[in-house]
4 protein chains.
Amino acid sequence: MISFASDYVAGAHPKVLARLLETNLENQPGYGADEYCASAREKICLACDCPEAQVDFLAGGTQANAVIIKSLLHSYQGAIAAETGHISGHEAGAIEAGGHKVLTLPQQDGKLMADILRRFLQDFYADANHEHMVQPGLVYISHPTEYGTLYSKQELIDLAAVCREYRLPLFMDGARLGYALASRQTDVSLEDIAALCDVFYIGGTKVGALCGEAVVFPRGGRPPHFMTLVKQMGALLAKGRLLGVQFDALFSDDLYWEIGCHGIAMAEKLKAILHEKQVPFFLESPTNQQFVILANERLAELQRQVDCSFWEKYDDKHSVVRFATSWSTTDDDLAELRRIL
Amino acid sequence: MISFASDYVAGAHPKVLARLLETNLENQPGYGADEYCASAREKICLACDCPEAQVDFLAGGTQANAVIIKSLLHSYQGAIAAETGHISGHEAGAIEAGGHKVLTLPQQDGKLMADILRRFLQDFYADANHEHMVQPGLVYISHPTEYGTLYSKQELIDLAAVCREYRLPLFMDGARLGYALASRQTDVSLEDIAALCDVFYIGGTKVGALCGEAVVFPRGGRPPHFMTLVKQMGALLAKGRLLGVQFDALFSDDLYWEIGCHGIAMAEKLKAILHEKQVPFFLESPTNQQFVILANERLAELQRQVDCSFWEKYDDKHSVVRFATSWSTTDDDLAELRRIL
Amino acid sequence: MISFASDYVAGAHPKVLARLLETNLENQPGYGADEYCASAREKICLACDCPEAQVDFLAGGTQANAVIIKSLLHSYQGAIAAETGHISGHEAGAIEAGGHKVLTLPQQDGKLMADILRRFLQDFYADANHEHMVQPGLVYISHPTEYGTLYSKQELIDLAAVCREYRLPLFMDGARLGYALASRQTDVSLEDIAALCDVFYIGGTKVGALCGEAVVFPRGGRPPHFMTLVKQMGALLAKGRLLGVQFDALFSDDLYWEIGCHGIAMAEKLKAILHEKQVPFFLESPTNQQFVILANERLAELQRQVDCSFWEKYDDKHSVVRFATSWSTTDDDLAELRRIL
Amino acid sequence: MISFASDYVAGAHPKVLARLLETNLENQPGYGADEYCASAREKICLACDCPEAQVDFLAGGTQANAVIIKSLLHSYQGAIAAETGHISGHEAGAIEAGGHKVLTLPQQDGKLMADILRRFLQDFYADANHEHMVQPGLVYISHPTEYGTLYSKQELIDLAAVCREYRLPLFMDGARLGYALASRQTDVSLEDIAALCDVFYIGGTKVGALCGEAVVFPRGGRPPHFMTLVKQMGALLAKGRLLGVQFDALFSDDLYWEIGCHGIAMAEKLKAILHEKQVPFFLESPTNQQFVILANERLAELQRQVDCSFWEKYDDKHSVVRFATSWSTTDDDLAELRRIL
């Protein structure tokens, strides 16, 4: 059955897997001290145009969010996020399990806007009782957002300005960053992100790796004993090479960029098919996830032939449904979908 | 200066303090094993009409909320509350520090309504991804609410029905319970609360004690090793008699009821004065807290002569201001306020 | 029945309770902003000879330990303590509940010795894998210790030197500090403690208060947003005056010192009686707690007439038993004990 | 350079990697719902002779320990372990970060013995103050232990009997289980472990996988919402197939057993060489890790030609050094080591 269920339905991009095979028998030190992690770090610094960047590899997105946020916050602080932020609703309370509240603000197309953030912070510090409340400790955004939307460069500049004013680190969840960078409707580059954010991660799991996210502190400033915290949170792989080799492959010969472009090209074709078939959009995104509205019966019928994801209730008779593309989506998949629709 | 700043501006009700003095030199075992705790427990069981109730004494409201919620939840669960619930915004993240998310729902006059709760639970369990989310583990309400409003008996019956249907304990924060029970606009008795809630606490700190909240599991079912958890959370007083003696006094000769009635009588007179002086209400409550709207300049001026609390921003030029009465409010205080207004 | 069960069998010292009564009807702001907290702070600064000291009031010892340790540690750090330290075995896991390991070292007479601490730290940092382990974050000692023993001034100087060398805050649990200061076998003054420790608390609960511990950061440096953390941990009393008034009384007219001296005088008489009656000592302490060895049958018999505490198993037929004196112990109590023995 | 540094110096066993390659392009559902996880589960049930077993896959050992322990304990409970247990000293406080104390008991050759456990539990419950202490909640053992030693079948039977008596789950950390099962000096089979333990995991990372541990609840009884907890702890891989495919390969054609046997055969030859060269043993283990004592200078010299691990200080001039074998150790490696020594 063809699948648009997610961008993690297949294994790794063949070039990534090939590198794992080539390097498999080499002896390498554990816990991220191997030469592939070192090489991947170097290539990522170069790609970010940040020679001073500190780069660490973690296995998945929720793990990366939990580790980064715990490393940055004091016990009396919380993480500000859009109410639709992944850390708010879809990570089973990982942030709270680390002892921190997620302070949610209203969203616009899945995004946290600078003016809403500034107003919240102004009101917070104006409140005479604010010492009885969770102190804001960092700002979390995702790019692409949970709805596949993208921040413009100006929006990121504005957010970063508020964060600097209130001395809050700006943290970008880039679980699907490859599809943001390759979008045809973005003016935001990896270098921009590195310049504007205090920490972000480059998603591998959903962009061609078996698993793995590269955490980047672009201007250094990684909290001390970060590795101890990673170990404490069960996130330190003995065979750290598994992540190093994959990111080394992803950042060789523009593979990460190439994967993003393929996913976007497939998404553009997908959008054209959905328009042609007059499927109403809930949100037509500039990235690899498209959200459409289907009557519940039609969805049930469709799912017999196509794997796609129920996203949320639209109304009592309709659902929001997600179609995702990735490096593994083919023109044949799209042709088949067109036929079925 | 006269004070309507809160219901904890004075010390203890004189009868409560007198009991501490009378019993001061007696030798008593520590950690709640003293005879006054035992006697207070018995009187509270009687007042609740729950001979099987398990009663424990804690020092304050945030502490009681944190201990009770932690005792009831598994690590994968959260506490449902109205978005205005005290545990959500005003306890510095005490619930999250214990590892649990507060799952907030829209409120009506500070209250969590049964239909909103039911719809949330229906949608939650209908969502195919709900195993990736925090599981609902209990329902938190406060009575009076943070805005001084009260649940009707029918509203509590409806909430309890949803809770039973979804097997969620219903927990009532009764930090100001004395003023709810004594309100002239309530049909809810202590026996009703004991019959409808699975756990609640009877507030002492704001109803005549120096400190202290009596936690009641009306039909038993207190989680095992509750005392160990209380100790772990730093909430076990060596001289537990401090709480036992005070609650023994509060539940002797109807003192708790008497204090509530006095606070309400003063609040009714306060409301009359505010009406007479045409101060606009933000929320005219049936309990001991009244919320009015004042221009920021007028508030600043007033606060030179009367102690009252800025509550929240109303708009750029006006504030919501709280006036609270208690056992210690006098007719002279009210006369003076009337003169000043 | 006469009681030597603990130093918290009676209520408050009469002068402390009298102050609560005198100030009871005054209106005071909540949460520690009252004038009695301010006055007590000032008196404690003076007593410590530390004009820059920051002083906060908490309700009990486990709470104070938990709050202080959580405020000082990063998530990757633990608290070093003697294996007999109160935080290690007798606080129900309060430190671990806050996310931190207690790193235990061997003790000598209940004390943590500087050379043992230094050797541990040397070995720790020499271990190539130490980034996989909990990082030392502070050093906890209690004075008197859990066995009533005392550090000499030189021992404290040596400990403080190691702590400074490794940049670890030295934290003293002074739950029974009054009995240490008044001991006839000590060369350590309150000023010494303030000069050598980075944070400590002056115990009230076991030295004449109903409840309360005064946390002192003698040279400032209290972690930011300490009050928010106190609130988060359920440790912020609405009627903070309860603690302020009591410590204001304890630090007026040398009352804290007087209580300590009375407890010690009674302990010296107690030791004389135990010697006279040839009760073997497990540990003859210079403070208000004495530990003797009794055959299990004799203990059972004795406890019918005297309240005293089983402490730990000595062997299959004998127990270690604690006798404690306090401000409330009388010459009559001692005479009666002598008669019974 | 030849390496005996650990059993995770190379990548995956070639057959494991081959399966990843073969299945790479298939579309599979995420989060462990793929057909390879299902197949691996079935094969593991069969290997354990436990048709009712519940099997989950996690990425690494510390993660598995943290997740399993958190899933089993209430907040007032701790995990009993030998003082040398991995969770006690070498996981950066992962258990404490989850809120639970590790209750350490003396070890014998790295093992927790039934009589020591029973005595601890007897004394614990005999202590009148045990409600002020962390309650024992489970018993953690590792097999092989941190020193490569093994429990005999009788020792496990005795431990399990104490655990059943006190209703404590017995949890076995099997990070290196393959080398235990294949040891020439064991009478303990996988079926025995499944029969005697309440939960255990079958280590993949150190026995031929890139990463992965298979958590087995042999008679069911996995705590509810285990998947939600796994997600919360950042341990749920989107491409769960990564673990499923590997364990499916490991439990096909006796590969897991074969890898264990190879590691053991190499370890036996290694021991012979060490004996021949008269290198003194610190601990001559029946499994794949051997611990010898080397003068510090000799170790430094050796490490220029052979990768081996400093383990711990033996005395001021000597170190305990670990040599580990695995599936990837070759006869050439051993010949080279013999030459160097």
# chains A, B, ... in the order shown; residues from 1 in each chain; ligands from 1
>>> residues_around(residues="Gln185 of chain D", least_positions_apart="4", cutoff="12 Å", atoms="only C-alpha atoms", output="list in words")
Pro144, Gly148, Thr149, Leu150, Tyr151, Ser152, Lys153, Tyr179, Ala180, Leu181, Ser189, Ile264, Glu268, Glu284, Ser285, Pro286, Thr287 and Asn288 of chain D
>>> select_by_dssp(residues="segment 173-233 of chain A", states="helix (DSSP H, G or I)", output="number ranges by chain")
A: 177-181, 190-196, 226-232
>>> select_by_dssp(residues="segment 25-210 of chain B", states="strand (DSSP E)", output="JSON, numbers by chain")
{"B": [54, 55, 56, 57, 58, 77, 78, 79, 80, 81, 82, 102, 103, 104, 105, 135, 136, 137, 138, 139, 140, 141, 142, 170, 171, 172, 173, 199, 200, 201, 202, 203]}
>>> residues_around(residues="Ala94 of chain A", least_positions_apart="5", cutoff="10 Å", atoms="only C-alpha atoms", output="list in words")
Thr62, Gln63, Asn65, Ala66, Val67, Ile87, Ser88, Gly89, Gly99 and His100 of chain A; Tyr76, Gly99, His100, Lys101, Met133 and Val134 of chain B; Thr228, Leu229, Val230, Lys231, Gln232, Met233 and Gly234 of chain D
>>> residues_around(residues="segment 295-310 of chain A", least_positions_apart="3", cutoff="7 Å", atoms="only C-alpha atoms", output="compact mmCIF listing (two decimals) with all heavy atoms, in the first residue's frame")
# COMPACT_ATOMS: atom_id res chain seq x y z
N MET A 1 0.85 -1.20 0.00
CA MET A 1 0.00 0.00 0.00
C MET A 1 0.88 1.25 0.00
O MET A 1 1.85 1.34 0.75
CB MET A 1 -0.90 0.00 1.24
CG MET A 1 -1.89 1.13 1.25
SD MET A 1 -3.34 0.81 2.28
CE MET A 1 -2.67 0.83 3.93
N ILE A 2 0.51 2.23 -0.83
CA ILE A 2 1.30 3.47 -0.83
C ILE A 2 1.05 4.20 0.47
O ILE A 2 0.01 4.08 1.10
CB ILE A 2 0.95 4.39 -2.03
CG1 ILE A 2 -0.55 4.74 -2.02
CG2 ILE A 2 1.38 3.76 -3.34
CD1 ILE A 2 -0.90 5.86 -3.01
N SER A 3 2.06 4.94 0.90
CA SER A 3 1.95 5.59 2.21
C SER A 3 2.34 7.05 2.15
O SER A 3 3.43 7.41 1.68
CB SER A 3 2.85 4.86 3.23
OG SER A 3 2.79 5.55 4.45
N PHE A 4 1.43 7.90 2.60
CA PHE A 4 1.74 9.31 2.86
C PHE A 4 1.53 9.59 4.34
O PHE A 4 1.25 10.70 4.75
CB PHE A 4 0.84 10.22 1.99
CG PHE A 4 1.12 10.08 0.53
CD1 PHE A 4 0.45 9.12 -0.24
CD2 PHE A 4 2.08 10.89 -0.09
CE1 PHE A 4 0.72 8.98 -1.59
CE2 PHE A 4 2.35 10.75 -1.43
CZ PHE A 4 1.68 9.79 -2.20
N ALA A 5 1.64 8.53 5.14
CA ALA A 5 1.29 8.62 6.56
C ALA A 5 2.25 9.52 7.32
O ALA A 5 1.86 10.21 8.26
CB ALA A 5 1.29 7.23 7.18
N LYS A 317 -18.49 15.57 11.49
CA LYS A 317 -18.55 14.71 10.30
C LYS A 317 -17.29 14.74 9.46
O LYS A 317 -17.18 14.01 8.48
CB LYS A 317 -19.76 15.12 9.43
CG LYS A 317 -21.08 15.01 10.17
CD LYS A 317 -22.24 14.97 9.21
CE LYS A 317 -23.50 14.50 9.93
NZ LYS A 317 -24.71 14.82 9.17
N HIS A 318 -16.36 15.62 9.80
CA HIS A 318 -15.15 15.76 8.99
C HIS A 318 -13.89 15.67 9.84
O HIS A 318 -13.92 16.00 11.02
CB HIS A 318 -15.14 17.10 8.24
CG HIS A 318 -16.24 17.22 7.24
ND1 HIS A 318 -17.53 17.54 7.60
CD2 HIS A 318 -16.24 17.05 5.88
CE1 HIS A 318 -18.29 17.57 6.52
NE2 HIS A 318 -17.54 17.27 5.46
N SER A 319 -12.81 15.27 9.21
CA SER A 319 -11.52 15.16 9.89
C SER A 319 -10.46 15.98 9.14
O SER A 319 -10.54 16.13 7.93
CB SER A 319 -11.05 13.70 9.93
OG SER A 319 -11.97 12.92 10.63
N VAL A 320 -9.49 16.46 9.90
CA VAL A 320 -8.28 17.00 9.27
C VAL A 320 -7.35 15.81 9.05
O VAL A 320 -7.12 15.01 9.96
CB VAL A 320 -7.61 18.06 10.16
CG1 VAL A 320 -6.31 18.55 9.53
CG2 VAL A 320 -8.56 19.23 10.41
N VAL A 321 -6.83 15.70 7.83
CA VAL A 321 -6.01 14.53 7.46
C VAL A 321 -4.67 15.04 6.94
O VAL A 321 -4.61 16.00 6.18
CB VAL A 321 -6.72 13.70 6.37
CG1 VAL A 321 -5.87 12.49 5.98
CG2 VAL A 321 -8.09 13.25 6.86
N ARG A 322 -3.60 14.38 7.40
CA ARG A 322 -2.26 14.80 6.97
C ARG A 322 -1.72 13.87 5.89
O ARG A 322 -1.80 12.66 6.01
CB ARG A 322 -1.30 14.80 8.15
CG ARG A 322 0.10 15.30 7.74
CD ARG A 322 1.07 15.27 8.89
NE ARG A 322 1.46 13.91 9.21
CZ ARG A 322 2.43 13.60 10.06
NH1 ARG A 322 3.08 14.56 10.70
NH2 ARG A 322 2.72 12.35 10.31
N PHE A 323 -1.16 14.48 4.84
CA PHE A 323 -0.39 13.75 3.84
C PHE A 323 1.05 14.28 3.94
O PHE A 323 1.28 15.48 3.81
CB PHE A 323 -0.92 14.03 2.42
CG PHE A 323 -2.21 13.34 2.13
CD1 PHE A 323 -3.41 13.85 2.58
CD2 PHE A 323 -2.23 12.15 1.39
CE1 PHE A 323 -4.62 13.21 2.31
CE2 PHE A 323 -3.43 11.50 1.11
CZ PHE A 323 -4.63 12.03 1.57
>>> interface_residues(of="chain B", to="chain C", cutoff="7 Å", atoms="only C-alpha atoms", output="PyMOL selection string")
chain B and resi 3+8-12+24-30+60+62-63+91-94+210-211+228+231-235+237-239+242
>>> write_last_selection(atoms="N, CA, C and O atoms", output="CSV table (one decimal), in the first residue's frame")
chain,number,residue,atom,x,y,z
B,3,SER,N,-7.1,47.1,56.3
B,3,SER,CA,-6.7,46.1,55.2
B,3,SER,C,-7.8,45.2,54.7
B,3,SER,O,-8.5,44.6,55.5
B,8,TYR,N,-5.7,36.7,55.0
B,8,TYR,CA,-4.6,36.2,55.9
B,8,TYR,C,-3.7,37.3,56.4
B,8,TYR,O,-2.5,37.2,56.6
B,9,VAL,N,-4.4,38.5,56.6
B,9,VAL,CA,-3.6,39.7,57.1
B,9,VAL,C,-3.4,39.6,58.6
B,9,VAL,O,-2.4,40.1,59.1
B,10,ALA,N,-4.3,39.0,59.3
B,10,ALA,CA,-4.1,38.9,60.8
B,10,ALA,C,-3.6,37.5,61.2
B,10,ALA,O,-3.4,36.6,60.3
B,11,GLY,N,-3.4,37.3,62.4
B,11,GLY,CA,-2.9,35.9,62.9
B,11,GLY,C,-4.1,34.9,63.0
B,11,GLY,O,-4.9,34.9,62.0
B,12,ALA,N,-4.2,34.2,64.1
B,12,ALA,CA,-5.2,33.2,64.2
B,12,ALA,C,-6.4,33.8,64.9
B,12,ALA,O,-6.3,34.7,65.7
B,24,ASN,N,0.1,24.0,75.4
B,24,ASN,CA,1.5,24.1,75.0
B,24,ASN,C,2.5,23.3,75.8
B,24,ASN,O,3.4,22.8,75.2
B,25,LEU,N,2.2,23.1,77.1
B,25,LEU,CA,3.3,22.4,77.9
B,25,LEU,C,3.1,20.9,77.9
B,25,LEU,O,3.9,20.2,78.4
B,26,GLU,N,2.0,20.4,77.3
B,26,GLU,CA,1.8,18.9,77.3
B,26,GLU,C,2.8,18.3,76.5
B,26,GLU,O,3.2,18.8,75.4
B,27,ASN,N,3.3,17.1,76.9
B,27,ASN,CA,4.1,16.3,76.0
B,27,ASN,C,3.2,15.5,75.1
B,27,ASN,O,2.3,14.8,75.5
B,28,GLN,N,3.6,15.6,73.8
B,28,GLN,CA,2.8,14.9,72.8
B,28,GLN,C,3.7,14.3,71.8
B,28,GLN,O,4.8,14.8,71.5
B,29,PRO,N,3.4,13.1,71.3
B,29,PRO,CA,4.2,12.5,70.2
B,29,PRO,C,4.2,13.4,69.0
B,29,PRO,O,3.3,14.2,68.8
B,30,GLY,N,5.2,13.2,68.1
B,30,GLY,CA,5.4,14.1,67.0
B,30,GLY,C,4.7,13.6,65.7
B,30,GLY,O,4.1,12.5,65.8
B,60,GLY,N,-0.1,24.3,54.2
B,60,GLY,CA,-0.6,25.3,53.3
B,60,GLY,C,-1.3,24.8,52.1
B,60,GLY,O,-1.2,23.6,51.8
B,62,THR,N,-0.8,25.4,48.6
B,62,THR,CA,0.1,24.9,47.5
B,62,THR,C,0.6,23.6,47.9
B,62,THR,O,0.7,22.6,47.1
B,63,GLN,N,1.1,23.5,49.1
B,63,GLN,CA,1.6,22.2,49.6
B,63,GLN,C,0.5,21.1,49.5
B,63,GLN,O,0.8,20.0,49.1
B,91,GLU,N,1.0,28.8,41.3
B,91,GLU,CA,1.7,28.0,42.3
B,91,GLU,C,3.2,27.7,41.9
B,91,GLU,O,3.8,26.7,42.3
B,92,ALA,N,3.7,28.6,41.0
B,92,ALA,CA,5.1,28.5,40.6
B,92,ALA,C,5.5,27.2,40.0
B,92,ALA,O,6.7,26.8,40.1
B,93,GLY,N,4.6,26.5,39.5
B,93,GLY,CA,4.9,25.2,38.8
B,93,GLY,C,5.1,24.1,39.8
B,93,GLY,O,5.8,23.1,39.5
B,94,ALA,N,4.4,24.1,40.9
B,94,ALA,CA,4.5,23.1,41.9
B,94,ALA,C,4.1,21.7,41.4
B,94,ALA,O,4.7,20.7,41.7
B,210,LEU,N,-3.4,29.8,62.0
B,210,LEU,CA,-2.1,30.4,61.7
B,210,LEU,C,-1.6,29.8,60.4
B,210,LEU,O,-0.9,30.4,59.6
B,211,CYS,N,-1.9,28.5,60.2
B,211,CYS,CA,-1.5,27.7,59.1
B,211,CYS,C,-2.3,26.4,59.2
B,211,CYS,O,-2.7,26.1,60.2
B,228,THR,N,4.7,8.8,54.1
B,228,THR,CA,6.1,8.9,53.5
B,228,THR,C,6.2,9.9,52.4
B,228,THR,O,7.2,10.7,52.3
B,231,LYS,N,6.3,13.3,54.1
B,231,LYS,CA,7.7,13.5,54.6
B,231,LYS,C,8.6,13.9,53.4
B,231,LYS,O,9.4,14.9,53.5
B,232,GLN,N,8.5,13.1,52.3
B,232,GLN,CA,9.4,13.4,51.2
B,232,GLN,C,9.3,14.8,50.6
B,232,GLN,O,10.2,15.4,50.1
B,233,MET,N,8.0,15.3,50.7
B,233,MET,CA,7.8,16.6,50.1
B,233,MET,C,8.0,17.7,51.1
B,233,MET,O,7.7,18.9,50.9
B,234,GLY,N,8.6,17.4,52.2
B,234,GLY,CA,9.0,18.4,53.2
B,234,GLY,C,7.8,18.9,54.0
B,234,GLY,O,7.8,20.0,54.5
B,235,ALA,N,6.7,18.2,54.0
B,235,ALA,CA,5.5,18.7,54.5
B,235,ALA,C,5.0,18.1,55.8
B,235,ALA,O,3.9,18.4,56.3
B,237,LEU,N,5.3,18.1,59.6
B,237,LEU,CA,5.8,18.9,60.8
B,237,LEU,C,6.2,18.0,61.9
B,237,LEU,O,5.4,17.1,62.3
B,238,ALA,N,7.3,18.3,62.5
B,238,ALA,CA,7.7,17.5,63.7
B,238,ALA,C,6.7,17.7,64.8
B,238,ALA,O,6.1,16.8,65.4
B,239,LYS,N,6.3,19.0,65.1
B,239,LYS,CA,5.3,19.3,66.0
B,239,LYS,C,3.9,19.3,65.3
B,239,LYS,O,3.3,20.4,65.2
B,242,LEU,N,0.7,21.4,66.2
B,242,LEU,CA,0.4,22.7,65.8
B,242,LEU,C,-0.8,22.7,64.9
B,242,LEU,O,-1.7,23.6,65.0
>>> residues_around(residues="Ala195 of chain B", least_positions_apart="2", cutoff="10 Å", atoms="only C-alpha atoms", output="PyMOL selection string")
chain B and resi 48-50+157+160+189-193+197-199+218-219
>>> residues_around(residues="segment 39-41 of chain B", least_positions_apart="3", cutoff="10 Å", atoms="only C-alpha atoms", output="PyMOL selection string")
chain B and resi 34-36+44-47+53-57+214-216+243-252
>>> residues_around(residues="Glu276 of chain D", least_positions_apart="5", cutoff="12 Å", atoms="only C-alpha atoms", output="JSON, numbers by chain")
{"D": [269, 270, 271, 281, 338, 339, 341]}
>>> write_last_selection(atoms="C-alpha atoms", output="short mmCIF file (atom, residue, chain, number, x, y, z; two decimals), in the first residue's frame")
data_model
loop_
_atom_site.label_atom_id
_atom_site.label_comp_id
_atom_site.auth_asym_id
_atom_site.auth_seq_id
_atom_site.Cartn_x
_atom_site.Cartn_y
_atom_site.Cartn_z
CA LYS D 269 41.52 -17.58 24.84
CA LEU D 270 42.18 -14.11 26.26
CA LYS D 271 42.29 -15.52 29.78
CA PHE D 281 43.84 -10.98 37.67
CA ARG D 338 49.86 -12.02 22.88
CA ARG D 339 52.73 -10.64 20.83
CA LEU D 341 52.29 -8.63 26.02
#
>>> atom_distance(atom1="atom CA of Asp158 of chain A", atom2="atom CA of Leu196 of chain A")
9.7 Å
